[in-house]
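Next comes structure.cif, with mmCIF, C-alpha atoms.
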data_final
loop_
_atom_site.group_PDB
_atom_site.id
_atom_site.type_symbol
_atom_site.label_atom_id
_atom_site.label_comp_id
_atom_site.auth_asym_id
_atom_site.auth_seq_id
_atom_site.Cartn_x
_atom_site.Cartn_y
_atom_site.Cartn_z
ATOM 1 C CA MET A 213 71.755 88.192 15.012
ATOM 2 C CA CYS A 214 72.033 91.060 17.442
ATOM 3 C CA SER A 215 68.329 91.281 18.281
ATOM 4 C CA LYS A 216 67.994 87.551 18.947
ATOM 5 C CA LYS A 217 70.956 87.490 21.345
ATOM 6 C CA TYR A 218 69.996 90.451 23.484
ATOM 7 C CA GLY A 219 66.391 91.227 22.656
ATOM 8 C CA LEU A 220 67.404 94.673 21.488
ATOM 9 C CA PHE A 221 68.207 96.342 18.244
ATOM 10 C CA PHE A 222 69.731 99.810 18.013
ATOM 11 C CA THR A 223 69.386 101.628 14.719
ATOM 12 C CA GLY A 224 71.414 104.799 14.990
ATOM 13 C CA THR A 225 70.104 105.493 18.488
ATOM 14 C CA PHE A 226 72.232 107.889 20.504
ATOM 15 C CA LEU A 227 73.598 105.770 23.329
ATOM 16 C CA THR A 228 74.279 107.700 26.515
ATOM 17 C CA LEU A 229 76.962 107.408 29.176
ATOM 18 C CA PRO A 230 74.771 105.565 31.758
ATOM 19 C CA PHE A 231 74.287 102.808 29.201
ATOM 20 C CA PHE A 232 78.065 102.416 28.870
ATOM 21 C CA ILE A 233 78.687 102.436 32.592
ATOM 22 C CA LYS A 234 76.235 99.548 32.981
ATOM 23 C CA THR A 235 77.344 97.467 29.992
ATOM 24 C CA ASN A 236 81.049 98.259 29.618
ATOM 25 C CA THR A 237 82.064 95.260 31.717
ATOM 26 C CA MET A 238 79.903 92.915 29.615
ATOM 27 C CA LEU A 239 81.502 93.930 26.328
ATOM 28 C CA LEU A 240 84.932 92.294 26.478
ATOM 29 C CA GLU A 241 86.318 91.863 22.951
ATOM 30 C CA LYS A 242 82.982 92.587 21.336
ATOM 31 C CA LYS A 243 81.758 93.950 18.042
ATOM 32 C CA ILE A 244 79.421 96.933 18.039
ATOM 33 C CA THR A 245 77.544 97.903 14.888
ATOM 34 C CA ILE A 246 76.222 101.398 14.225
ATOM 35 C CA ILE A 247 73.623 101.510 11.486
ATOM 36 C CA GLY A 248 73.631 104.914 9.855
ATOM 37 C CA ALA A 249 76.493 107.415 9.806
ATOM 38 C CA GLY A 250 74.338 110.519 9.674
ATOM 39 C CA GLY A 251 72.808 112.743 12.326
ATOM 40 C CA LEU A 252 72.391 109.956 14.917
ATOM 41 C CA GLY A 253 75.377 107.812 13.960
ATOM 42 C CA HIS A 254 77.757 110.746 14.489
ATOM 43 C CA PRO A 255 77.078 111.248 18.203
ATOM 44 C CA ALA A 256 76.728 107.499 18.805
ATOM 45 C CA LEU A 257 80.222 106.817 17.426
ATOM 46 C CA TYR A 258 81.685 109.864 19.172
ATOM 47 C CA SER A 259 80.199 108.707 22.474
ATOM 48 C CA LEU A 260 81.522 105.172 21.988
ATOM 49 C CA ILE A 261 85.048 106.361 21.233
ATOM 50 C CA HIS A 262 85.192 108.590 24.300
ATOM 51 C CA ASN A 263 83.361 106.406 26.803
ATOM 52 C CA LEU A 264 84.566 102.859 26.187
ATOM 53 C CA THR A 265 87.294 101.825 28.575
ATOM 54 C CA ASN A 266 90.782 100.995 27.405
ATOM 55 C CA ILE A 267 90.879 97.594 29.140
ATOM 56 C CA ASN A 268 88.592 95.945 26.608
ATOM 57 C CA GLN A 269 88.976 95.374 22.890
ATOM 58 C CA TYR A 270 86.238 96.599 20.572
ATOM 59 C CA ILE A 271 85.445 96.440 16.902
ATOM 60 C CA ILE A 272 83.036 99.178 15.880
ATOM 61 C CA GLU A 273 81.520 98.827 12.432
ATOM 62 C CA VAL A 274 79.625 101.706 10.827
ATOM 63 C CA ILE A 275 77.157 100.815 8.079
ATOM 64 C CA ASP A 276 75.702 103.378 5.669
ATOM 65 C CA PHE A 277 75.070 103.418 1.927
ATOM 66 C CA ASP A 278 74.343 107.155 1.711
ATOM 67 C CA PHE A 279 76.620 109.874 0.408
ATOM 68 C CA ILE A 280 77.412 113.245 1.963
ATOM 69 C CA GLU A 281 75.387 116.185 0.658
ATOM 70 C CA THR A 282 75.579 119.898 1.419
ATOM 71 C CA SER A 283 72.381 119.636 3.502
ATOM 72 C CA ASN A 284 74.179 117.239 5.901
ATOM 73 C CA LEU A 285 76.943 119.666 6.842
ATOM 74 C CA ASN A 286 75.033 121.728 9.404
ATOM 75 C CA ARG A 287 74.218 118.730 11.662
ATOM 76 C CA GLN A 288 76.840 116.087 10.900
ATOM 77 C CA PHE A 289 79.936 117.624 12.418
ATOM 78 C CA PHE A 290 82.596 115.267 11.059
ATOM 79 C CA PHE A 291 81.758 116.182 7.457
ATOM 80 C CA THR A 292 83.068 119.212 5.564
ATOM 81 C CA GLU A 293 82.534 120.730 2.114
ATOM 82 C CA ASN A 294 85.433 118.620 0.808
ATOM 83 C CA ASP A 295 83.595 115.420 1.767
ATOM 84 C CA ARG A 296 80.565 115.996 -0.465
ATOM 85 C CA GLY A 297 79.841 112.987 -2.676
ATOM 86 C CA LYS A 298 81.778 110.545 -0.480
ATOM 87 C CA ASN A 299 80.269 107.647 1.473
ATOM 88 C CA LYS A 300 79.179 108.705 4.969
ATOM 89 C CA ALA A 301 80.378 105.558 6.762
ATOM 90 C CA GLU A 302 83.832 105.644 5.188
ATOM 91 C CA VAL A 303 84.412 109.346 5.950
ATOM 92 C CA LEU A 304 83.066 109.057 9.506
ATOM 93 C CA VAL A 305 85.350 106.107 10.266
ATOM 94 C CA GLU A 306 88.443 107.719 8.773
ATOM 95 C CA LYS A 307 87.960 110.976 10.684
ATOM 96 C CA SER A 308 87.040 109.166 13.906
ATOM 97 C CA LYS A 309 90.266 107.157 13.838
ATOM 98 C CA LYS A 310 92.104 110.408 14.582
ATOM 99 C CA LEU A 311 90.189 110.749 17.870
ATOM 100 C CA ILE A 312 91.128 107.361 19.289
ATOM 101 C CA LEU A 313 93.885 107.476 21.862
ATOM 102 C CA ALA A 314 96.778 105.070 21.356
ATOM 103 C CA GLU A 315 95.974 103.109 24.514
ATOM 104 C CA LYS A 316 92.386 102.381 23.482
ATOM 105 C CA ASN A 317 91.780 99.020 21.841
ATOM 106 C CA ILE A 318 89.219 100.160 19.289
ATOM 107 C CA LYS A 319 89.213 99.091 15.659
ATOM 108 C CA LEU A 320 86.887 100.999 13.327
ATOM 109 C CA THR A 321 85.516 99.643 10.049
ATOM 110 C CA ALA A 322 83.039 100.976 7.498
ATOM 111 C CA LYS A 323 80.616 99.223 5.153
ATOM 112 C CA ASN A 324 79.020 100.960 2.187
ATOM 113 C CA ILE A 325 75.862 98.866 2.092
ATOM 114 C CA ALA A 326 72.098 99.338 2.472
ATOM 115 C CA LEU A 327 70.612 97.309 5.300
ATOM 116 C CA ASN A 328 67.336 95.544 4.500
ATOM 117 C CA LYS A 329 65.331 92.506 5.601
ATOM 118 C CA GLU A 330 67.105 90.250 3.100
ATOM 119 C CA ASN A 331 70.646 90.984 4.334
ATOM 120 C CA ILE A 332 70.223 91.975 7.994
ATOM 121 C CA ASP A 333 71.083 88.513 9.371
ATOM 122 C CA GLN A 334 74.172 88.247 7.191
ATOM 123 C CA ILE A 335 75.428 91.733 8.084
ATOM 124 C CA LEU A 336 74.762 91.517 11.820
ATOM 125 C CA TYR A 337 75.549 87.816 12.389
ATOM 126 C CA ASP A 338 78.712 88.537 14.416
ATOM 127 C CA SER A 339 77.615 91.797 16.052
ATOM 128 C CA ASP A 340 77.186 91.812 19.821
ATOM 129 C CA LEU A 341 75.418 95.161 20.001
#

Please rewrite the model in this file as structure tokens.
Amino acid sequence: MCSKKYGLFFTGTFLTLPFFIKTNTMLLEKKITIIGAGGLGHPALYSLIHNLTNINQYIIEVIDFDFIETSNLNRQFFFTENDRGKNKAEVLVEKSKKLILAEKNIKLTAKNIALNKENIDQILYDSDL
């Protein structure tokens, strides 16, 4: 599990550029999991896409069971009126794929699942961060 390996557990926390500068060299061919595709997951994924180097290979998985509502549109910038009723993780991943440059080795996946204490080990077993 992520927290056992590194002693940390990020739940939708906005990760800043200094964090990436320090850890980018440690994350060769690693899987990063973002829990929550809402107000905090948006900037976290955007920051990852733009700040990870193109020499490494990354799998970024976004997990969220929630659906897009009108009240989300003012603060979750990837979502539009046409996305209402759709799963947040799936829409965020699909729209984010358009931002990835061809030379970047980033694979995005989405999971429509609620994270809880019964399934956290199973969901995060292969996540490095």

Point-to-point distance in Å for CA of Asn328 in chain A and CA of Phe289 in chain A: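 It comes out at 26.6 Å.
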
For CA of Leu285 in chain A and CA of Leu260 in chain A, the interatomic separation in Å (one decimal): 21.5 Å

Interatomic distance, CA of Lys243 in chain A to CA of Gln288 in chain A (Å, one decimal):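 Separation between CA of Lys243 in chain A and CA of Gln288 in chain A: 23.8 Å.
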
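You can rank A:Phe291, A:Ile244, A:Ser283, A:Ile332 by their closest distance to Ile261 in chain A using only C-alpha atoms, and at the top of that list sits A:Ile244.
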
Which residues are close to Phe279 in chain A, i.e. within 6 Å by only C-alpha atoms, leaving aside same-chain residues fewer than 4 positions away? Reply as a PDB file with C-alpha atoms, in the frame of the given file.
ATOM      1  CA  GLY A 297      79.841 112.987  -2.676  1.00  0.00           C
ATOM      2  CA  LYS A 298      81.778 110.545  -0.480  1.00  0.00           C
ATOM      3  CA  ASN A 299      80.269 107.647   1.473  1.00  0.00           C
ATOM      4  CA  LYS A 300      79.179 108.705   4.969  1.00  0.00           C
TER       5      LYS A 300
END

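The smallest atom-to-atom distance between Gly251 in chain A and any of A:Ala301, A:Ala326, A:Ile272, A:Glu306, using all atoms listed in the file, is found for A:Ala301.
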